[in-house]
Number of protein chains: 2
Amino acid sequence: MRNENRLRWWIWFIVLLATLFFLGFIIGWFAKQTHENTASNGVSSKYLREFLDEMQPNQIREYLRKFTRLPHLAGTEQNLKYAEEIKKDWQDFGLDSVEMAPYDVLLSYPNTSQPNYISIVDQFGNEVFNTSLAEPVPQGYEDVSNIVPPYSAFSAKGQPEGDLVYVNYGRTEDFFQLEREMNISATGKIVIVRYGKIFRGNKVKNAVLAGAKGIIMFSDPADYWASGVQLYPDGWNLPGGGVQRGNVLNLNGAGDPLTPGYPAKEYTHRFSVEDGVGLPKIPVHPIGFDDAIHLLKNMGGQIPPNSWKGSLNVSYRIGPGFTHEFKSQKVRMNIHTNNKVTRIYNVIGRIRGALEPDRYVILGGHRDAWVFGGIDPMSGAAVVHEIVRSAGRLLSEGWRPRRTIIFASWDAEEFGLLGSTEWAEDNAKLLQERAVAYINADSAIEGTYTLRVDCTPSLHTLVYEVTKKIDSPEEGEEGLSLYESWHKRDNWTQDRDAPRISKLSSGSDFEAYFIRLGIAAGRARYTKNKKTELYSSYPLYHSVYETFEIVEKFYDPSFRRLKAVSQVRGGLIFLLADSQLLPLDANQYADSLRKYTQSIAQLAQRHPAQMEMYEVSFDFLFSAAENFTVAAREFHERLQTLNRADPLQVRIMNDQLMYLERTFIDPLGLPGRPFYRHVIFAPSSHNKYAGESFPGIYDALFDIENSADPEKAWEEVKRQISIAAFTVHAAAMTLTPPA
Amino acid sequence: MRNENRLRWWIWFIVLLATLFFLGFIIGWFAKQTHENTASNGVSSKYLREFLDEMQPNQIREYLRKFTRLPHLAGTEQNLKYAEEIKKDWQDFGLDSVEMAPYDVLLSYPNTSQPNYISIVDQFGNEVFNTSLAEPVPQGYEDVSNIVPPYSAFSAKGQPEGDLVYVNYGRTEDFFQLEREMNISATGKIVIVRYGKIFRGNKVKNAVLAGAKGIIMFSDPADYWASGVQLYPDGWNLPGGGVQRGNVLNLNGAGDPLTPGYPAKEYTHRFSVEDGVGLPKIPVHPIGFDDAIHLLKNMGGQIPPNSWKGSLNVSYRIGPGFTHEFKSQKVRMNIHTNNKVTRIYNVIGRIRGALEPDRYVILGGHRDAWVFGGIDPMSGAAVVHEIVRSAGRLLSEGWRPRRTIIFASWDAEEFGLLGSTEWAEDNAKLLQERAVAYINADSAIEGTYTLRVDCTPSLHTLVYEVTKKIDSPEEGEEGLSLYESWHKRDNWTQDRDAPRISKLSSGSDFEAYFIRLGIAAGRARYTKNKKTELYSSYPLYHSVYETFEIVEKFYDPSFRRLKAVSQVRGGLIFLLADSQLLPLDANQYADSLRKYTQSIAQLAQRHPAQMEMYEVSFDFLFSAAENFTVAAREFHERLQTLNRADPLQVRIMNDQLMYLERTFIDPLGLPGRPFYRHVIFAPSSHNKYAGESFPGIYDALFDIENSADPEKAWEEVKRQISIAAFTVHAAAMTLTPPA
């Protein structure tokens with residue numbers, strides 16, 4: 001009995017020891033750092049909520065107020081002052097580092113002693129009418145100096161004199177109609193066109209190609225009035241004295257015209273201005289409609305078709321020149337604008353990534369404005385400021401994202417995306433290897449209707465996920481998410497039941513990142529109702545009337561819409577930087593590619609006889625898209641079974657996702673556009689604002705219409721189809737298991 | 001007392017429990033897989049030794065014998081048969097996968113019914129002399145069919161007739177001398193030049209630029225005889241009937257002339273031959289010196305300088321045309337060579353990496369030969385075969401490298417590096433993101449003296465490390481390492497005490513990988529004594545006499561030199577694939593860059609007055625190289641303290657090393673050479689075989705001499721300096737901590 005007890009005691013004792021050992025083993029096992037926080041997505045989601053909730057309408061209002069008091073054109077002292085304030089604020093908010101990134105780029109300013117204007121001159125050369133030298137200054141800003149008068153940046157200097165020809169919007173098709181149907185030549189004439197529909201630089205290029213010796217652009221109320229809205233200051237419609245400024249370059253992504261391909265630094269070789277990229281060779285000038293009426297009202301020549309008529313009380317005759325009575329009058333442009341190499345300043349802030357400091361998520365938007373920049377760009381810059389503040393707040397609580405986040409305040413966007421492009425050129429080698437995504441932050445609002453998102457297909461899913469976590473900013477929609485509010489206003493009716501997301505085109509700072517470097521990119525802002533509000537951009541765009549007040553009074557009195565945009569932009573960079581698996585969706589890219597192949601093939605099918613004659617087939621492009629679809633699906637299936645505790649396996653699949661966008665880059669560029677290298681997305685050659693899918697094929701098909709040698713033109717179509725098929729095949733390969 | 005005992009007992013008990021718990025904890029801690037085998041370098045070194053020791057001279061002999069029995073020109077059935085045998089062997093050796101990678105590229109063959117030859121014709125048009133249609137067939141190969149007669153691949157067709165002009169080696173400087181000093185024009189003439197000094201394609205290009213209507217190339221004994229060596233078959237000197245075949249393209253890295261930039265696949269668009277890249281527009285033909293004597297002996301005109309004289313018993317007069325007595329005789333070329341799109345086959349074998357399957361180390365060399373390929377390329381292919389066998393052996397013993405190894409047997413190297421370039425184009429997107437290094441395996445022996453290595457600077461250290469582990473193959477050097485043997489024969493005297501390593505130029509399959517894609521690359525072979533053996537390449541180069549026997553009898557009877565080359569090439573890929581930290585040395589790159597900046601600046605200093613006048617300075621390039629030096633040093637210091645148990649930190653620094661070579665790539669390419677993209681290394685525009693550092697600056701300086709507009713020429717020099725400075729600065733940035 002005693003022995004039995006003893007035995008029992010020993011058994012218990014050994015069990016205890018074994019249990020303790022086992023306990024120790026288990027604790028030891030789990031205590032060991034594997035450098036992969038598998039619970040990190042859970043932790044992230046707490047921080048994400050906190051991050052989104054931190055953003056405040058009042059803060060955004062305060063920042064917008066602070067940075068719109070004074071004009072801050074690129075290259076001016078005031079814009080440097082704002083850069084320094086932003087730098088200081090970002091440091092105070094708690095970023096790990098903030099630095100200036102200066103470049104010396106070609107800018108363009110009116111001559112301060114010789115104003116630009118347009119005259120009607122009589123037969124003796126007397127100026128019988130002159131356009132105004134400036135816009136009437138808005139109320140409250142009467143004492144402000146340094147408001148740059150309306151001008152076309154990078155216009156050639158000169159005083160051409162001649163007859164006017166009116167060419168509608170100045171599009172390629174307008175010039176074709178002028179020359180082929182109306183039999184009017186613009187050679188040696190001064191062309192007058194209305195703003196809208198396409199990027200103004202394309203209008204200028206078309207005028208040059210047509211042989212014009214000058215070009216005047218005006219804002220027609222048909223394109224710059226919203227119905228039922230008062231003129232500024234009582235509403236947000238464009239008054240007759242308001243004018244749209246803007247650059248008239250055709251850079252095609254080159255950045256600084258004198259240093260294409262390389263950052264404009266101290267040691268950088270500069271081309272002469274004559275050899276610079278994209279500079280127009282003729283004088284260009286913008287006017288408002290009060291002045292336009294004077295130039296248009298006495299024009300002679302043909303009555304145009306209705307599609308050429310705006311809503312001014314004039315006949316919109318084509319010319320050339322004035323009617324009989326005024327035949328002896330000519331138009332003279334007086335343009336004295338100077339090009340000047342000028343220092344600009346980007347502000348670059350960083351949060352160092354905890355686990356993958358060599359993976360970059362970028363949020364960038366410009367700071368320079370034509371005048372006050374109430375909407376463009378400071379509504380966006382205020383939002384970025386609030387995002388940086390909120391991120392700093394999280395940092396102070398111990399949060400640190402898995403990957404590095406880079407915040408950028410770009411300079412000289414208005415002069416051709418110069419600040420962002422020079423920085424991209426300067427850092428191209430790092431970005432190519434390390435950039436995960438670029439989110440753009442230009443104007444955060446251009447209407448009061450709903451959200452607008454343009455992004456690469458692989459971001460679609462993330463955009464939906466983020467917008468579902470955000471409240472609708474609209475009154476009466478309490479309890480509705482931004483996603484739901486957006487969905488009900490702008491459904492992607494054609495082929496899917498979800499909020500519409502559009503392709504990226506160009507016209508803002510994402511260009512170099514997306515179209516040149518192949519970094520997944522997107523942009524988000526609040527917008528108008530595209531179905532009912534048919535005016536171009538927003539009426540006061542690039543005028544002196546783009547003030548703090550138009551946002552506060554008309555666009556977003558509660559600043560809740562801007563807060564929602566903050567949350568979208570901020571939520572995107574948060575999840576891109578902090579998710580263990582990159583939230584990029586190759587399946588969405590596959591869906592889009594299949595859709596694009598169909599629509600480009602349909603475009604070609606407008607010429608069925610020639611398609612057959614020249615043996616043009618899209619079959620290989622179709623099969624490439626199918627290939628890609630299978631590869632994407634299988635990739636995401638493998639992702640489901642990935643061992644997320646293995647940091648190398650996670651990194652390998654994340655790399656495949658990160659580099660997916662890069663695989664669409666062709667280092668040879670699109671034909672004649674060496675800096676547009678994205679085979680899937682780039683602007684049409686005929687309109688920088690029109691993002692096309694398969695732009696190489698699109699442009700080649702466009703050229704079919706006016707080629708003297710159709711066989712050669714169709715060869716080029718076939719070549720472009722072959723390049724597209726290769727690119728999509730190659731992209732599919734990158735999604736298969738790596739060895 | 002009893003209580004005391006009891007207390008003591010409890011204390012012991014608790015200590016025991018705590019100890020056991022602690023033991024369990026410790027064991028649990030260490031039992032946990034961290035997916036980083038920190039001991040792997042130790043394991044590697046055992047396997048490395050086994051790998052090197054596995055390689056056998058007799059195996060290499062057997063493989064060389066097996067693959068040199070029959071002619072196997074690219075595009076022929078026999079070359080496909082060898083491909084299939086190689087594929088089967090590699091599968092049997094145990095590779096994870098082996099596949100064919102076919103492409104349809106432009107090749108060029110003599111017309112089988114109309115032979116190519118050159119005639120001397122009398123005034124009646126009668127052919128009074130014709131060059132031979134074939135080389136005398138070597139002993140033992142009399143019954144072999146399909147020996148392609150000597151020809152210049154991609155020659156234009158035609159039968160030009162005219163006077164000869166002799167232009168020495170046909171270099172740029174030879175044509176300058178002809179035109180400027182001798183005042184002789186080659187326009188409308190048939191040019192005759194000797195082989196040697198520069199790539200034959202450059203000779204042809206120069207003849208075309210000079211306006212010649214045909215070009216004949218001959219091998220002069222001065223350039224193709226080693227002293228004291230017998231003619232084949234008694235030795236390895238070139239007999240009078242032997243002729244050097246070769247392509248005469250100027251591809252500048254384009255690959256298939258009809259599909260530049262894209263793989264030549266079923267769906268790929270092809271340019272017409274007229275629009276193809278690099279095809280000469282005039283007939284070209286190669287001859288041996290027996291035939292050359294007949295063309296040269298009666299030539300008239302000036303007596304040339306001694307540097308233009310070879311060692312034939314003729315006067316080497318310049319012409320144009322024959323001496324008085326033979327004045328009425330002309331030379332007629334009869335060239336009927338056809339271009340033809342033809343299927344070629346690469347063989348691609350893989351060993352999947354255990355931990356980083358998405359990191360690729362490539363060993364590639366060509367298989368196609370002009371005839372038997374005894375040296376070029378089968379001495380190299382036999383070596384690759386032996387390396388694959390040895391790697392398979394290791395696999396069967398449980399070894400698996402950390403990274404993926406890719407073995408390639410390229411096709412159509414002789415036609416312009418076509419197989420390797422098409423595969424590089426096909427896989428460019430994968431290679432850009434994933435390739436660690438490319439080791440080339442063309443001819444493994446071209447002399448009997450010592451090792452020759454050309455490689456990127458970051459591989460210098462590894463090459464030394466590997467050669468120290470290999471025995472010298474030379475008789476009487478038992479106990480000496482290959483490194484020591486090499487060092488004593490070819491010391492890098494000028495500035496360092498180590499075996500000489502040279503820059504990579506072009507002329508073999510590494511080109512697309514190194515110069516277009518920026519993948520660290522190198523090549524190794526056994527070579528002649530460059531100081532005493534002054535002939536060009538090796539005498540029997542590209543002739544029918546390049547047989548198995550010349551290797552077995554003269555170059556490497558014991559096959560120990562080829563074994564040593566196996567071990568070098570194999571050792572390099574082993575350590576690149578299996579070392580935890582990539583064995584790439586940024587400090588060596590820094591040293592080289594500083595040296596290159598000095599020498600290019602010295603080259604410019606030949607024009608001190610113009611340097612001052614045009615304000616040409618190398619200061620920014622110097623400071624960029626200094627910058628790079630600091631960044632490299634600090635990088636390697638951080639590498640010392642890296643936590644090698646952290647797989648992400650290891651991967652991050654390895655990525656910096658892997659991408660270092662990539663940072664020297666400029667997507668815009670060198671001027672006029674879009675596929676030569678490496679800013680530090682590329683061939684001179686005047687000789688594909690001359691690897692230059694800072695080739696953009698080098699070429700721009702070359703052009704100074706003959707530019708009509710020196711200001712413009714110096715602007716280009718300045719532009720190139722600025723691009724180089726930017727590139728080196730940017731490369732330095734990639735070595736700094738990533739955030």
# chains A, B, ... in the order shown; residues from 1 in each chain; ligands from 1

call {"tool": "calpha_fit_rmsd", "arguments": {"fixed": "chain A", "moving": "chain B"}}
result
0.5 Å

call {"tool": "residues_around", "arguments": {"residues": "segment 471-475 of chain B", "least_positions_apart": "5", "cutoff": "7 Å", "atoms": "only C-alpha atoms", "output": "list in words"}}
result
Leu480, Ser481, Leu482, Ser485, Arg560, Arg561 and Ala564 of chain B

call {"tool": "write_last_selection", "arguments": {"atoms": "N, CA, C and O atoms", "output": "PDB file, in the first residue's frame"}}
result
ATOM      1  N   LEU B 480      49.298  24.143 -56.799  1.00  0.00           N
ATOM      2  CA  LEU B 480      48.983  25.550 -57.044  1.00  0.00           C
ATOM      3  C   LEU B 480      47.488  25.671 -57.372  1.00  0.00           C
ATOM      4  O   LEU B 480      46.925  24.832 -58.073  1.00  0.00           O
ATOM      5  N   SER B 481      46.884  26.726 -56.860  1.00  0.00           N
ATOM      6  CA  SER B 481      45.485  26.945 -57.225  1.00  0.00           C
ATOM      7  C   SER B 481      45.421  27.600 -58.606  1.00  0.00           C
ATOM      8  O   SER B 481      46.409  28.170 -59.090  1.00  0.00           O
ATOM      9  N   LEU B 482      44.232  27.511 -59.201  1.00  0.00           N
ATOM     10  CA  LEU B 482      44.024  28.198 -60.486  1.00  0.00           C
ATOM     11  C   LEU B 482      44.299  29.685 -60.307  1.00  0.00           C
ATOM     12  O   LEU B 482      44.907  30.337 -61.165  1.00  0.00           O
ATOM     13  N   SER B 485      48.049  30.256 -60.314  1.00  0.00           N
ATOM     14  CA  SER B 485      48.589  30.040 -61.654  1.00  0.00           C
ATOM     15  C   SER B 485      48.249  31.213 -62.573  1.00  0.00           C
ATOM     16  O   SER B 485      49.074  31.712 -63.335  1.00  0.00           O
ATOM     17  N   ARG B 560      42.149  18.922 -68.888  1.00  0.00           N
ATOM     18  CA  ARG B 560      42.143  19.517 -67.554  1.00  0.00           C
ATOM     19  C   ARG B 560      41.897  21.016 -67.597  1.00  0.00           C
ATOM     20  O   ARG B 560      41.361  21.594 -66.642  1.00  0.00           O
ATOM     21  N   ARG B 561      42.290  21.646 -68.709  1.00  0.00           N
ATOM     22  CA  ARG B 561      41.970  23.087 -68.808  1.00  0.00           C
ATOM     23  C   ARG B 561      40.463  23.286 -68.910  1.00  0.00           C
ATOM     24  O   ARG B 561      39.905  24.188 -68.289  1.00  0.00           O
ATOM     25  N   ALA B 564      38.971  22.875 -65.577  1.00  0.00           N
ATOM     26  CA  ALA B 564      39.138  24.071 -64.747  1.00  0.00           C
ATOM     27  C   ALA B 564      38.104  25.136 -65.112  1.00  0.00           C
ATOM     28  O   ALA B 564      37.528  25.797 -64.243  1.00  0.00           O
TER      29      ALA B 564
END

call {"tool": "interface_residues", "arguments": {"of": "chain A", "to": "chain B", "cutoff": "8 Å", "atoms": "only C-alpha atoms", "output": "MDAnalysis selection string"}}
result
chainID A and resid 17 20:32 34:35 261:262 267:270 350 352:353 355:358 404 426:427 429:430 433 620 646:648 652 659 663 667:668 674 718:719 722:723 725:726 730:731 733:734 738:739

call {"tool": "residues_around", "arguments": {"residues": "segment 377-389 of chain B", "least_positions_apart": "6", "cutoff": "6 Å", "atoms": "only C-alpha atoms", "output": "PyMOL selection string"}}
result
chain B and resi 60+63-64+93+441-444+566+570

call {"tool": "residues_around", "arguments": {"residues": "segment 141-156 of chain B", "least_positions_apart": "5", "cutoff": "7 Å", "atoms": "only C-alpha atoms", "output": "tab-separated table (two decimals) with all heavy atoms, in the first residue's frame"}}
result
chain	number	residue	atom	x	y	z
B	71	PRO	N	28.20	18.77	-88.67
B	71	PRO	CA	27.95	20.22	-88.70
B	71	PRO	C	26.57	20.50	-88.13
B	71	PRO	O	25.63	19.74	-88.39
B	71	PRO	CB	27.99	20.56	-90.19
B	71	PRO	CG	28.67	19.42	-90.86
B	71	PRO	CD	28.37	18.21	-90.02
B	108	SER	N	20.34	33.42	-92.62
B	108	SER	CA	20.88	33.71	-93.95
B	108	SER	C	21.76	32.55	-94.37
B	108	SER	O	22.65	32.14	-93.62
B	108	SER	CB	21.70	35.01	-93.85
B	108	SER	OG	22.63	35.11	-94.90
B	109	TYR	N	21.50	31.98	-95.55
B	109	TYR	CA	22.27	30.84	-96.05
B	109	TYR	C	22.70	31.08	-97.49
B	109	TYR	O	21.96	31.71	-98.26
B	109	TYR	CB	21.41	29.56	-96.04
B	109	TYR	CG	20.88	29.15	-94.68
B	109	TYR	CD1	19.52	29.16	-94.43
B	109	TYR	CD2	21.74	28.74	-93.67
B	109	TYR	CE1	19.00	28.76	-93.21
B	109	TYR	CE2	21.24	28.33	-92.44
B	109	TYR	CZ	19.86	28.35	-92.21
B	109	TYR	OH	19.37	27.96	-91.00
B	133	LEU	N	35.30	27.68	-103.93
B	133	LEU	CA	33.90	27.59	-103.48
B	133	LEU	C	33.77	26.95	-102.11
B	133	LEU	O	32.71	26.98	-101.51
B	133	LEU	CB	33.08	26.80	-104.50
B	133	LEU	CG	33.11	27.35	-105.93
B	133	LEU	CD1	32.18	26.54	-106.83
B	133	LEU	CD2	32.71	28.83	-105.96
B	134	ALA	N	34.87	26.34	-101.65
B	134	ALA	CA	34.79	25.68	-100.35
B	134	ALA	C	36.21	25.53	-99.79
B	134	ALA	O	37.19	25.65	-100.52
B	134	ALA	CB	34.13	24.31	-100.47
B	243	VAL	N	38.97	29.64	-94.22
B	243	VAL	CA	38.26	30.93	-94.29
B	243	VAL	C	37.41	31.13	-93.03
B	243	VAL	O	36.80	30.19	-92.52
B	243	VAL	CB	37.31	31.00	-95.50
B	243	VAL	CG1	36.69	32.38	-95.63
B	243	VAL	CG2	38.05	30.64	-96.79
B	244	GLN	N	37.38	32.35	-92.58
B	244	GLN	CA	36.55	32.73	-91.42
B	244	GLN	C	35.15	33.08	-91.88
B	244	GLN	O	34.95	34.07	-92.58
B	244	GLN	CB	37.19	33.93	-90.70
B	244	GLN	CG	36.42	34.38	-89.49
B	244	GLN	CD	36.91	35.70	-88.89
B	244	GLN	OE1	36.12	36.59	-88.62
B	244	GLN	NE2	38.21	35.84	-88.71
B	245	ARG	N	34.16	32.28	-91.48
B	245	ARG	CA	32.76	32.65	-91.70
B	245	ARG	C	32.34	33.71	-90.68
B	245	ARG	O	33.08	33.99	-89.75
B	245	ARG	CB	31.86	31.42	-91.55
B	245	ARG	CG	32.04	30.35	-92.60
B	245	ARG	CD	31.57	29.00	-92.11
B	245	ARG	NE	31.85	27.93	-93.07
B	245	ARG	CZ	33.05	27.39	-93.26
B	245	ARG	NH1	34.11	27.80	-92.54
B	245	ARG	NH2	33.23	26.44	-94.16
B	246	GLY	N	31.13	34.18	-90.82
B	246	GLY	CA	30.63	35.09	-89.79
B	246	GLY	C	29.54	36.00	-90.31
B	246	GLY	O	29.44	36.24	-91.51
B	247	ASN	N	28.70	36.47	-89.38
B	247	ASN	CA	27.64	37.39	-89.82
B	247	ASN	C	28.19	38.80	-89.90
B	247	ASN	O	29.18	39.13	-89.24
B	247	ASN	CB	26.43	37.31	-88.88
B	247	ASN	CG	26.60	38.14	-87.63
B	247	ASN	OD1	26.63	39.38	-87.68
B	247	ASN	ND2	26.73	37.48	-86.47
B	248	VAL	N	27.58	39.61	-90.74
B	248	VAL	CA	28.08	40.98	-90.96
B	248	VAL	C	27.00	42.00	-90.62
B	248	VAL	O	26.87	43.04	-91.24
B	248	VAL	CB	28.57	41.15	-92.42
B	248	VAL	CG1	29.83	40.34	-92.61
B	248	VAL	CG2	27.51	40.73	-93.43
B	249	LEU	N	26.23	41.68	-89.58
B	249	LEU	CA	25.16	42.58	-89.14
B	249	LEU	C	25.68	43.71	-88.27
B	249	LEU	O	26.76	43.61	-87.67
B	249	LEU	CB	24.15	41.77	-88.31
B	249	LEU	CG	23.38	40.69	-89.04
B	249	LEU	CD1	22.65	39.78	-88.05
B	249	LEU	CD2	22.38	41.33	-90.01
B	279	LEU	N	20.98	45.16	-91.43
B	279	LEU	CA	21.33	44.36	-92.60
B	279	LEU	C	22.13	45.20	-93.59
B	279	LEU	O	21.71	46.29	-93.96
B	279	LEU	CB	20.05	43.85	-93.27
B	279	LEU	CG	19.20	42.91	-92.40
B	279	LEU	CD1	17.74	42.91	-92.85
B	279	LEU	CD2	19.76	41.49	-92.45
B	280	PRO	N	23.29	44.70	-94.03
B	280	PRO	CA	24.10	45.49	-94.95
B	280	PRO	C	23.43	45.60	-96.32
B	280	PRO	O	22.75	44.68	-96.74
B	280	PRO	CB	25.40	44.71	-95.04
B	280	PRO	CG	25.05	43.32	-94.69
B	280	PRO	CD	23.90	43.40	-93.73
B	281	LYS	N	23.65	46.71	-96.98
B	281	LYS	CA	22.99	46.95	-98.27
B	281	LYS	C	23.89	46.56	-99.44
B	281	LYS	O	23.52	46.76	-100.59
B	281	LYS	CB	22.61	48.44	-98.39
B	281	LYS	CG	21.70	48.96	-97.29
B	281	LYS	CD	20.27	48.45	-97.43
B	281	LYS	CE	19.34	49.08	-96.39
B	281	LYS	NZ	18.12	48.29	-96.18
B	282	ILE	N	25.07	46.03	-99.15
B	282	ILE	CA	25.99	45.67	-100.24
B	282	ILE	C	26.45	44.22	-100.07
B	282	ILE	O	26.40	43.68	-98.96
B	282	ILE	CB	27.24	46.60	-100.28
B	282	ILE	CG1	28.04	46.50	-98.96
B	282	ILE	CG2	26.84	48.05	-100.57
B	282	ILE	CD1	29.36	47.27	-98.97
B	283	PRO	N	26.91	43.60	-101.16
B	283	PRO	CA	27.45	42.24	-101.05
B	283	PRO	C	28.75	42.21	-100.24
B	283	PRO	O	29.57	43.14	-100.32
B	283	PRO	CB	27.70	41.82	-102.50
B	283	PRO	CG	26.76	42.67	-103.30
B	283	PRO	CD	26.74	43.99	-102.58
B	284	VAL	N	28.91	41.12	-99.50
B	284	VAL	CA	30.08	40.93	-98.64
B	284	VAL	C	30.53	39.48	-98.81
B	284	VAL	O	29.68	38.59	-98.91
B	284	VAL	CB	29.70	41.15	-97.15
B	284	VAL	CG1	30.95	41.22	-96.28
B	284	VAL	CG2	28.82	42.37	-96.95
B	285	HIS	N	31.85	39.25	-98.82
B	285	HIS	CA	32.32	37.86	-98.94
B	285	HIS	C	33.68	37.70	-98.29
B	285	HIS	O	34.53	38.57	-98.41
B	285	HIS	CB	32.37	37.44	-100.41
B	285	HIS	CG	32.46	35.95	-100.59
B	285	HIS	ND1	31.48	35.08	-100.16
B	285	HIS	CD2	33.43	35.16	-101.15
B	285	HIS	CE1	31.83	33.83	-100.45
B	285	HIS	NE2	33.02	33.85	-101.05
B	286	PRO	N	33.89	36.54	-97.63
B	286	PRO	CA	35.17	36.27	-96.97
B	286	PRO	C	36.00	35.29	-97.79
B	286	PRO	O	35.45	34.36	-98.40
B	286	PRO	CB	34.72	35.59	-95.67
B	286	PRO	CG	33.50	34.79	-96.07
B	286	PRO	CD	32.86	35.53	-97.22
B	337	THR	N	23.43	34.78	-101.62
B	337	THR	CA	22.98	34.37	-100.28
B	337	THR	C	21.54	34.84	-100.03
B	337	THR	O	21.17	35.94	-100.43
B	337	THR	CB	23.96	34.96	-99.25
B	337	THR	OG1	25.22	34.36	-99.44
B	337	THR	CG2	23.49	34.72	-97.83
B	339	ASN	N	18.26	35.47	-97.36
B	339	ASN	CA	17.72	35.61	-96.01
B	339	ASN	C	16.45	34.77	-95.90
B	339	ASN	O	15.67	34.69	-96.85
B	339	ASN	CB	17.36	37.07	-95.73
B	339	ASN	CG	18.60	37.93	-95.67
B	339	ASN	OD1	19.60	37.56	-95.07
B	339	ASN	ND2	18.56	39.10	-96.32
B	371	VAL	N	30.44	25.20	-88.42
B	371	VAL	CA	30.54	23.85	-88.98
B	371	VAL	C	30.50	22.86	-87.80
B	371	VAL	O	29.44	22.63	-87.23
B	371	VAL	CB	31.81	23.65	-89.83
B	371	VAL	CG1	31.72	22.29	-90.57
B	371	VAL	CG2	31.94	24.78	-90.87

call {"tool": "residues_around", "arguments": {"residues": "segment 526-541 of chain A", "least_positions_apart": "2", "cutoff": "9 Å", "atoms": "only C-alpha atoms", "output": "PyMOL selection string"}}
result
chain A and resi 195-197+221-227+232+236-239+242-245+375-376+443-453+489-490+524+543-546+561-562+564-565

call {"tool": "residues_around", "arguments": {"residues": "Thr68 of chain A", "least_positions_apart": "2", "cutoff": "7 Å", "atoms": "only C-alpha atoms", "output": "VMD selection string"}}
result
chain A and resid 64 to 66 70 372 to 374 547 to 548

call {"tool": "residues_around", "arguments": {"residues": "Arg523 of chain B", "least_positions_apart": "5", "cutoff": "6 Å", "atoms": "only C-alpha atoms", "output": "count of residues only"}}
result
4

call {"tool": "select_by_dssp", "arguments": {"residues": "segment 214-458 of chain B", "states": "alpha helix (DSSP H)", "output": "ChimeraX atom specification"}}
result
/B:221-224,289-296,378-396,418-426,428-434

call {"tool": "select_by_dssp", "arguments": {"residues": "segment 115-194 of chain A", "states": "strand (DSSP E or B)", "output": "ChimeraX atom specification"}}
result
/A:117-121,127-130,152-153,158,161-162,164-166,190-194

call {"tool": "write_last_selection", "arguments": {"atoms": "C-alpha atoms", "output": "mmCIF file, in the first residue's frame"}}
result
data_model
loop_
_atom_site.group_PDB
_atom_site.id
_atom_site.type_symbol
_atom_site.label_atom_id
_atom_site.label_comp_id
_atom_site.auth_asym_id
_atom_site.auth_seq_id
_atom_site.Cartn_x
_atom_site.Cartn_y
_atom_site.Cartn_z
ATOM 1 C CA TYR A 117 -3.482 91.173 -75.023
ATOM 2 C CA ILE A 118 -5.311 90.802 -78.309
ATOM 3 C CA SER A 119 -6.416 93.727 -80.464
ATOM 4 C CA ILE A 120 -8.687 94.387 -83.357
ATOM 5 C CA VAL A 121 -6.793 96.831 -85.554
ATOM 6 C CA GLU A 127 -6.087 99.252 -82.050
ATOM 7 C CA VAL A 128 -9.857 99.707 -82.084
ATOM 8 C CA PHE A 129 -10.451 97.043 -79.462
ATOM 9 C CA ASN A 130 -8.184 95.445 -76.857
ATOM 10 C CA SER A 152 -1.067 80.622 -71.845
ATOM 11 C CA ALA A 153 2.105 79.385 -70.232
ATOM 12 C CA GLY A 158 5.155 87.420 -81.083
ATOM 13 C CA GLU A 161 -1.658 89.899 -87.275
ATOM 14 C CA GLY A 162 -4.242 88.394 -89.559
ATOM 15 C CA LEU A 164 -9.514 84.953 -87.604
ATOM 16 C CA VAL A 165 -10.771 81.447 -88.352
ATOM 17 C CA TYR A 166 -13.144 79.853 -85.855
ATOM 18 C CA ILE A 190 -5.123 83.278 -86.382
ATOM 19 C CA VAL A 191 -7.313 80.505 -85.116
ATOM 20 C CA ILE A 192 -9.930 81.064 -82.427
ATOM 21 C CA VAL A 193 -11.326 78.056 -80.601
ATOM 22 C CA ARG A 194 -13.436 77.491 -77.555
#
